[in-house]
>>> print(open('input-v9.txt').read())   # compact mmCIF, C-alpha atoms and all ligand atoms
# COMPACT_ATOMS: atom_id res chain seq x y z
CA MET A 1 -7.64 -14.80 97.82
CA ILE A 2 -4.75 -16.80 96.34
CA ARG A 3 -3.96 -15.52 92.87
CA GLY A 4 -4.60 -18.00 90.05
CA LYS A 5 -1.90 -19.41 87.80
CA PHE A 6 -1.32 -18.20 84.27
CA ILE A 7 -0.48 -21.00 81.81
CA THR A 8 0.20 -20.39 78.13
CA LEU A 9 0.45 -22.83 75.23
CA GLU A 10 2.79 -22.05 72.40
CA GLY A 11 4.15 -23.58 69.24
CA GLY A 12 3.99 -23.36 65.48
CA GLU A 13 0.83 -23.98 63.55
CA GLY A 14 -0.86 -27.37 63.79
CA VAL A 15 1.27 -28.63 66.69
CA GLY A 16 -1.83 -29.32 68.80
CA LYS A 17 -2.27 -26.27 71.03
CA THR A 18 -6.06 -26.13 70.73
CA THR A 19 -6.42 -29.90 71.16
CA ASN A 20 -4.30 -29.94 74.30
CA LEU A 21 -5.83 -26.81 75.78
CA ALA A 22 -9.14 -28.67 76.05
CA PHE A 23 -7.33 -31.61 77.65
CA ILE A 24 -5.60 -29.38 80.23
CA LYS A 25 -8.86 -27.60 81.05
CA ASP A 26 -10.58 -30.95 81.77
CA TYR A 27 -7.58 -32.14 83.77
CA LEU A 28 -7.56 -29.04 85.98
CA GLN A 29 -11.32 -29.11 86.48
CA GLN A 30 -11.08 -32.75 87.57
CA HIS A 31 -8.77 -31.43 90.29
CA ASN A 32 -11.32 -28.79 91.32
CA ILE A 33 -9.40 -25.90 89.86
CA SER A 34 -11.49 -23.07 88.48
CA VAL A 35 -10.12 -22.28 85.05
CA ILE A 36 -10.87 -20.06 82.07
CA VAL A 37 -9.67 -20.76 78.54
CA THR A 38 -8.80 -17.92 76.24
CA ARG A 39 -6.60 -17.11 73.26
CA GLU A 40 -4.41 -14.53 71.56
CA PRO A 41 -4.80 -12.54 69.55
CA GLY A 42 -8.31 -12.31 70.93
CA GLY A 43 -10.17 -12.97 74.16
CA THR A 44 -12.28 -9.77 74.33
CA LYS A 45 -14.76 -8.27 71.85
CA LEU A 46 -12.27 -5.69 70.63
CA ALA A 47 -9.30 -8.07 70.64
CA GLU A 48 -11.31 -10.59 68.59
CA LYS A 49 -12.00 -7.82 66.05
CA ILE A 50 -8.25 -7.15 65.89
CA ARG A 51 -7.69 -10.90 65.45
CA HIS A 52 -10.10 -10.93 62.53
CA LEU A 53 -8.18 -8.08 60.87
CA LEU A 54 -4.83 -9.79 61.51
CA LEU A 55 -5.87 -13.15 60.06
CA ASP A 56 -7.81 -11.79 57.09
CA LYS A 57 -5.87 -12.76 53.98
CA ASP A 58 -8.02 -10.59 51.68
CA GLY A 59 -7.65 -7.28 53.52
CA GLU A 60 -5.27 -4.34 53.05
CA GLU A 61 -1.59 -5.29 53.34
CA ILE A 62 -0.56 -4.98 56.99
CA SER A 63 2.89 -3.50 57.66
CA GLU A 64 5.20 -5.33 60.06
CA GLN A 65 5.00 -2.44 62.53
CA ALA A 66 1.22 -2.38 62.36
CA GLU A 67 1.09 -6.16 62.89
CA LEU A 68 3.29 -5.91 65.98
CA LEU A 69 1.30 -3.03 67.45
CA MET A 70 -2.02 -4.75 66.74
CA MET A 71 -0.80 -7.85 68.62
CA PHE A 72 0.03 -5.70 71.64
CA ALA A 73 -3.14 -3.59 71.36
CA ALA A 74 -5.21 -6.79 71.49
CA ARG A 75 -3.04 -8.04 74.37
CA ALA A 76 -3.55 -4.84 76.39
CA GLN A 77 -7.34 -5.28 76.18
CA HIS A 78 -7.09 -8.98 76.98
CA ILE A 79 -4.94 -8.43 80.05
CA LYS A 80 -7.10 -5.61 81.43
CA HIS A 81 -10.50 -7.16 80.86
CA VAL A 82 -9.92 -10.93 81.08
CA ILE A 83 -6.54 -12.17 82.31
CA GLU A 84 -5.89 -9.91 85.31
CA PRO A 85 -9.47 -10.02 86.68
CA ALA A 86 -9.54 -13.83 86.45
CA LEU A 87 -6.15 -14.26 88.15
CA ALA A 88 -7.18 -11.83 90.89
CA GLN A 89 -10.31 -13.93 91.51
CA GLY A 90 -8.12 -17.00 92.01
CA LYS A 91 -8.99 -18.53 88.64
CA TRP A 92 -6.38 -20.18 86.50
CA VAL A 93 -6.01 -18.79 83.02
CA LEU A 94 -5.16 -21.10 80.12
CA CYS A 95 -4.19 -19.08 77.10
CA ASP A 96 -3.67 -20.30 73.53
CA ARG A 97 -0.55 -18.24 72.64
CA PHE A 98 0.80 -15.12 74.37
CA THR A 99 3.91 -12.96 74.08
CA ASP A 100 6.29 -15.80 73.24
CA ALA A 101 4.33 -15.96 69.96
CA THR A 102 5.27 -12.32 69.34
CA TYR A 103 8.96 -13.12 69.87
CA ALA A 104 8.57 -16.12 67.53
CA TYR A 105 6.40 -14.66 64.72
CA GLN A 106 7.19 -10.95 64.73
CA GLY A 107 10.75 -11.37 66.09
CA GLY A 108 11.78 -14.61 64.37
CA GLY A 109 9.42 -14.69 61.40
CA ARG A 110 9.33 -10.98 60.53
CA ASN A 111 12.77 -10.02 61.90
CA MET A 112 11.39 -7.23 64.08
CA LYS A 113 13.87 -5.92 66.68
CA ILE A 114 13.79 -7.95 69.90
CA SER A 115 14.47 -4.80 71.94
CA THR A 116 11.27 -3.24 70.50
CA ILE A 117 9.25 -6.32 71.47
CA GLU A 118 10.76 -6.24 74.96
CA TRP A 119 9.86 -2.56 75.29
CA LEU A 120 6.25 -3.22 74.28
CA GLU A 121 6.08 -6.26 76.56
CA ASN A 122 7.11 -4.15 79.54
CA LEU A 123 4.76 -1.32 78.58
CA VAL A 124 1.69 -3.52 78.09
CA GLN A 125 2.27 -6.24 80.65
CA GLY A 126 4.15 -4.53 83.49
CA ALA A 127 5.28 -7.46 85.66
CA LEU A 128 2.79 -9.95 84.23
CA ARG A 129 4.47 -13.09 82.84
CA PRO A 130 3.05 -16.62 82.54
CA ASP A 131 3.73 -18.94 85.48
CA LEU A 132 4.21 -21.78 83.02
CA THR A 133 4.49 -22.00 79.26
CA LEU A 134 4.14 -25.29 77.39
CA LEU A 135 5.99 -25.10 74.11
CA LEU A 136 4.70 -27.81 71.77
CA ASP A 137 7.46 -28.45 69.30
CA ALA A 138 7.36 -30.48 66.11
CA PRO A 139 9.11 -30.33 62.73
CA VAL A 140 7.47 -27.63 60.63
CA GLU A 141 6.27 -30.03 57.92
CA ILE A 142 4.29 -32.07 60.47
CA GLY A 143 2.43 -29.00 61.73
CA ILE A 144 1.74 -27.79 58.20
CA GLU A 145 0.45 -31.22 57.21
CA ARG A 146 -1.92 -31.32 60.19
CA ALA A 147 -3.12 -27.76 59.55
CA ARG A 148 -3.60 -28.48 55.83
CA LYS A 149 -6.05 -31.29 56.63
CA ARG A 150 -8.11 -28.75 58.56
CA GLY A 151 -8.86 -26.64 55.45
CA ALA A 152 -8.74 -22.92 54.51
CA PHE A 153 -5.56 -21.01 55.37
CA ASP A 154 -5.43 -17.61 57.11
CA ARG A 155 -2.96 -14.77 56.41
CA PHE A 156 -0.16 -16.33 58.52
CA GLU A 157 -0.69 -19.84 57.22
CA LEU A 158 0.02 -18.61 53.68
CA GLU A 159 3.65 -17.87 54.64
CA LYS A 160 6.55 -19.91 53.20
CA VAL A 161 8.08 -22.90 54.98
CA SER A 162 11.22 -20.80 55.68
CA PHE A 163 9.06 -18.36 57.71
CA PHE A 164 7.83 -21.21 59.91
CA GLU A 165 11.39 -22.54 60.30
CA GLN A 166 12.41 -19.09 61.61
CA VAL A 167 9.39 -19.10 63.94
CA ARG A 168 10.35 -22.52 65.29
CA ARG A 169 13.97 -21.45 65.88
CA ALA A 170 12.82 -18.32 67.70
CA TYR A 171 10.50 -20.37 69.93
CA LEU A 172 13.35 -22.75 70.80
CA LEU A 173 15.53 -19.74 71.63
CA GLN A 174 12.82 -18.42 73.97
CA ALA A 175 12.84 -21.82 75.71
CA GLU A 176 16.63 -21.62 76.12
CA LEU A 177 16.38 -18.09 77.53
CA HIS A 178 13.60 -18.96 80.00
CA PRO A 179 14.21 -22.59 81.04
CA LYS A 180 12.32 -22.31 84.34
CA ARG A 181 9.13 -20.99 82.76
CA ILE A 182 9.06 -22.63 79.33
CA LYS A 183 8.80 -26.41 79.18
CA LEU A 184 9.40 -28.09 75.86
CA ILE A 185 6.94 -30.85 74.89
CA LYS A 186 7.66 -33.06 71.89
CA ALA A 187 4.49 -32.74 69.82
CA ASN A 188 5.38 -35.24 67.09
CA GLN A 189 4.44 -38.24 69.20
CA PRO A 190 1.05 -39.90 69.74
CA LEU A 191 -1.44 -37.61 71.46
CA ALA A 192 -1.57 -39.83 74.57
CA ASP A 193 2.20 -39.43 75.03
CA VAL A 194 1.99 -35.66 74.48
CA GLN A 195 -0.71 -35.47 77.15
CA LYS A 196 1.27 -37.58 79.60
CA ALA A 197 4.21 -35.19 79.18
CA ILE A 198 1.87 -32.23 79.75
CA VAL A 199 0.52 -33.69 82.99
CA ASP A 200 4.06 -34.30 84.25
CA VAL A 201 4.85 -30.63 83.71
CA ILE A 202 1.62 -29.22 85.13
CA HIS A 203 1.19 -31.19 88.33
CA PRO A 204 4.01 -29.47 90.28
CA LEU A 205 2.09 -26.20 89.88
CA PHE A 206 -0.63 -27.40 92.22
CA GLY A 207 1.27 -29.79 94.40
CA LEU A 208 0.28 -33.10 92.80
CA CYS A 209 2.60 -36.05 92.40
CA PRO A 210 2.72 -37.82 89.00
CA SER A 211 0.16 -40.38 90.17
CA HIS A 212 -2.14 -37.36 90.74
CA GLY A 213 -2.12 -37.55 94.55
CA VAL A 214 -1.88 -34.38 96.62
CA VAL A 215 1.59 -33.67 98.00
CA LYS A 216 1.05 -32.59 101.63
CA GLY A 217 -1.94 -30.52 100.47
CA VAL A 218 0.40 -27.70 99.54
CA VAL A 219 -0.43 -25.21 96.82
CA LYS A 220 2.96 -24.16 95.47
N1 LIG A 301 0.37 -14.66 66.18
C1 LIG A 301 1.43 -13.81 65.99
O1 LIG A 301 1.95 -13.68 64.89
N2 LIG A 301 1.91 -13.09 67.06
C2 LIG A 301 1.36 -13.18 68.31
O2 LIG A 301 1.81 -12.50 69.23
C3 LIG A 301 0.25 -14.08 68.47
C4 LIG A 301 -0.21 -14.80 67.39
C5 LIG A 301 -0.38 -14.21 69.82
C6 LIG A 301 -3.24 -17.22 65.00
O3 LIG A 301 -2.91 -18.22 65.88
C7 LIG A 301 -2.03 -16.63 64.36
O4 LIG A 301 -1.57 -15.50 65.10
C8 LIG A 301 -0.87 -17.59 64.35
C9 LIG A 301 0.33 -16.81 64.87
C10 LIG A 301 -0.16 -15.40 65.01
N3 LIG A 301 -0.67 -17.98 63.01
N4 LIG A 301 -0.17 -19.02 62.58
N5 LIG A 301 0.21 -19.87 61.98
P1 LIG A 301 -3.75 -19.55 66.06
O5 LIG A 301 -3.27 -20.11 67.35
O6 LIG A 301 -5.18 -19.34 65.95
O7 LIG A 301 -3.38 -20.40 64.78
P2 LIG A 301 -2.61 -21.70 64.57
O8 LIG A 301 -1.26 -21.83 65.14
O9 LIG A 301 -2.68 -21.80 63.12
O10 LIG A 301 -3.41 -22.77 65.40
P3 LIG A 301 -3.85 -24.10 64.84
O11 LIG A 301 -3.54 -24.31 63.40
O12 LIG A 301 -5.29 -24.18 65.23
O13 LIG A 301 -2.95 -25.16 65.50
P4 LIG A 301 -2.99 -25.89 66.88
O14 LIG A 301 -4.04 -25.31 67.75
O15 LIG A 301 -1.64 -25.92 67.39
O16 LIG A 301 -3.38 -27.37 66.47
P5 LIG A 301 -4.74 -28.20 66.70
O17 LIG A 301 -5.90 -27.50 66.02
O18 LIG A 301 -4.90 -28.57 68.11
O19 LIG A 301 -4.33 -29.52 65.92
C11 LIG A 301 -4.22 -29.55 64.51
C12 LIG A 301 -4.63 -30.96 64.00
O20 LIG A 301 -3.66 -31.92 64.43
C13 LIG A 301 -5.98 -31.45 64.55
O21 LIG A 301 -6.64 -32.15 63.54
C14 LIG A 301 -5.59 -32.39 65.70
O22 LIG A 301 -6.54 -33.40 65.90
C15 LIG A 301 -4.29 -32.98 65.18
N6 LIG A 301 -3.34 -33.36 66.25
C16 LIG A 301 -3.02 -32.66 67.37
N7 LIG A 301 -2.08 -33.32 68.10
C17 LIG A 301 -1.80 -34.45 67.43
C18 LIG A 301 -0.90 -35.55 67.66
N8 LIG A 301 -0.09 -35.60 68.74
N9 LIG A 301 -0.86 -36.52 66.75
C19 LIG A 301 -1.64 -36.47 65.64
N10 LIG A 301 -2.52 -35.48 65.35
C20 LIG A 301 -2.59 -34.48 66.23
>>> encode(input="input-v9.txt", output="structure tokens", more="lines below")
Ligand code: Z5A
Amino acid sequence: MIRGKFITLEGGEGVGKTTNLAFIKDYLQQHNISVIVTREPGGTKLAEKIRHLLLDKDGEEISEQAELLMMFAARAQHIKHVIEPALAQGKWVLCDRFTDATYAYQGGGRNMKISTIEWLENLVQGALRPDLTLLLDAPVEIGIERARKRGAFDRFELEKVSFFEQVRRAYLLQAELHPKRIKLIKANQPLADVQKAIVDVIHPLFGLCPSHGVVKGVVK
């Protein structure tokens, strides 16, 4: 069985991750690729409970250390029960946020030590890293404006603009550090243009040329 591909979508709030995840899923299915869509924090019963605790703006104050550990506790469950089994069955996994979000939010936003995040990443993930990460990038105010239209804010969305600027900078640094894996997509353009850019980045993963024809039938 050929192992599936692991694709993650990243970016600040409101940049269009959820919207484009649905688009990518449809696109892959049209090309007969078996795909599951999931998200972080979340993806299993327990990890979704942790997500609820993390996003709850009315709960007990969560320390920065607890927030970081809860992200990785949810991730450990998600990897063991959802991501690894799906990849082993040859399915592709499309995940709304993964560890780059931890570098961006807990590293950039909360100023947690990068070496601590790296240590936890190695502990929880072993060798697992995404095959491809799409980083949707837009000026912070655009994302906030889009998210605001959607309604009630969660615990993260109540942060100041400066927090989201730090998150954006940390994401862009991740892209600089991992240029082969992380592909930057300009998200402040019309959705059709965003989706064209996404297709251009995804097709090499399964041997398709930009016009969506198979390249020598090769799965790369
Ligand atoms: N978090 C963390 O701190 N550490 C971690 O390790 C992980 C996560 C994994 C939950 O994430 C929180 O967890 C997150 C970081 C933290 N907090 N924040 N902020 P989430 O993914 O559930 O939350 P989110 O970032 O707030 O997602 P979102 O607001 O749902 O944004 P989105 O999925 O990127 O956007 P969208 O829902 O697809 O689009 C928003 C609106 O814009 C919608 O009306 C679209 O129709 C519209 N849209 C999308 N694209 C366009 C374009 N191109 N033009 C015009 N309008 C558009």
>>> residues_near_ligand(input="input-v9.txt", ligand="ligand LIG 301 (chain A)", cutoff="6 Å", atoms="only C-alpha atoms and all ligand atoms", output="list in words")
Gly12, Glu13, Gly14, Val15, Gly16, Lys17, Thr18, Thr19, Glu40, Pro41, Met71, Arg97, Phe98, Thr99, Ala101, Thr102, Tyr105, Gln106, Arg146, Ala147, Phe156, Glu157, Ala187, Asn188, Gln189, Pro190 and Leu191 of chain A
>>> closest_residue(input="input-v9.txt", among="A:Ala138, A:Leu46, A:Ala104, A:Val124", to="Phe72 (chain A)", atoms="all atoms listed in the file")
A:Val124
>>> closest_residue(input="input-v9.txt", among="A:Asp131, A:Glu121, A:Glu64, A:Asp56", to="Trp92 (chain A)", atoms="all atoms listed in the file")
A:Asp131
>>> closest_residue(input="input-v9.txt", among="A:Leu123, A:Ile33, A:Leu94, A:Leu135", to="Leu173 (chain A)", atoms="only C-alpha atoms")
A:Leu135
>>> atom_distance(input="input-v9.txt", atom1="CA of Gly90 (chain A)", atom2="CA of Ser34 (chain A)")
7.8 Å
>>> atom_distance(input="input-v9.txt", atom1="CA of Arg129 (chain A)", atom2="CA of Tyr171 (chain A)")
16.0 Å
>>> closest_residue(input="input-v9.txt", among="A:Glu67, A:Asp200, A:Asp193, A:Asp100", to="Val167 (chain A)", atoms="all atoms listed in the file")
A:Asp100
>>> residues_near_point(input="input-v9.txt", point="(11.4, -7.0, 63.8)", cutoff="12 Å", atoms="all atoms listed in the file", output="list in words")
Ser63, Glu64, Gln65, Ala66, Glu67, Leu68, Leu69, Thr102, Tyr103, Ala104, Tyr105, Gln106, Gly107, Gly108, Gly109, Arg110, Asn111, Met112, Lys113, Ile114, Ser115, Thr116, Ile117 and Glu118 of chain A
>>> closest_residue(input="input-v9.txt", among="A:Ala152, A:Val201, A:Ile62, A:Ala170", to="Thr133 (chain A)", atoms="all atoms listed in the file")
A:Val201
>>> closest_residue(input="input-v9.txt", among="A:Gly59, A:Gly11, A:Gly143, A:Gly4", to="Gln89 (chain A)", atoms="only C-alpha atoms")
A:Gly4
>>> atom_distance(input="input-v9.txt", atom1="CA of Pro179 (chain A)", atom2="CA of Phe164 (chain A)")
22.1 Å
>>> residues_around(input="input-v9.txt", residues="region 20-22 of chain A", least_positions_apart="3", cutoff="10 Å", atoms="only C-alpha atoms", output="list in words")
Ile7, Thr8, Leu9, Val15, Gly16, Lys17, Lys25, Asp26, Tyr27, Val37, Thr38, Leu94, Cys95, Asp96, Leu136, Leu191, Val194, Gln195 and Ile198 of chain A
>>> write_last_selection(input="input-v9.txt", atoms="C-alpha atoms", output="short mmCIF file (atom, residue, chain, number, x, y, z; two decimals), in the frame of the given file")
data_model
loop_
_atom_site.label_atom_id
_atom_site.label_comp_id
_atom_site.auth_asym_id
_atom_site.auth_seq_id
_atom_site.Cartn_x
_atom_site.Cartn_y
_atom_site.Cartn_z
CA ILE A 7 -0.48 -21.00 81.81
CA THR A 8 0.20 -20.39 78.13
CA LEU A 9 0.45 -22.83 75.23
CA VAL A 15 1.27 -28.63 66.69
CA GLY A 16 -1.83 -29.32 68.80
CA LYS A 17 -2.27 -26.27 71.03
CA LYS A 25 -8.86 -27.60 81.05
CA ASP A 26 -10.58 -30.95 81.77
CA TYR A 27 -7.58 -32.14 83.77
CA VAL A 37 -9.67 -20.76 78.54
CA THR A 38 -8.80 -17.92 76.24
CA LEU A 94 -5.16 -21.10 80.12
CA CYS A 95 -4.19 -19.08 77.10
CA ASP A 96 -3.67 -20.30 73.53
CA LEU A 136 4.70 -27.81 71.77
CA LEU A 191 -1.44 -37.61 71.46
CA VAL A 194 1.99 -35.66 74.48
CA GLN A 195 -0.71 -35.47 77.15
CA ILE A 198 1.87 -32.23 79.75
#
>>> residues_around(input="input-v9.txt", residues="His81 (chain A)", least_positions_apart="4", cutoff="8 Å", atoms="all atoms listed in the file", output="NGL selection string")
:A and (44 or 77 or 85)
>>> residues_around(input="input-v9.txt", residues="Lys45 (chain A)", least_positions_apart="6", cutoff="10 Å", atoms="all atoms listed in the file", output="PyMOL selection string")
chain A and resi 51+74+77-78
>>> residues_around(input="input-v9.txt", residues="Ile202 (chain A)", least_positions_apart="2", cutoff="10 Å", atoms="only C-alpha atoms", output="VMD selection string")
chain A and resid 7 24 27 to 28 132 to 134 183 197 to 200 204 to 208 210
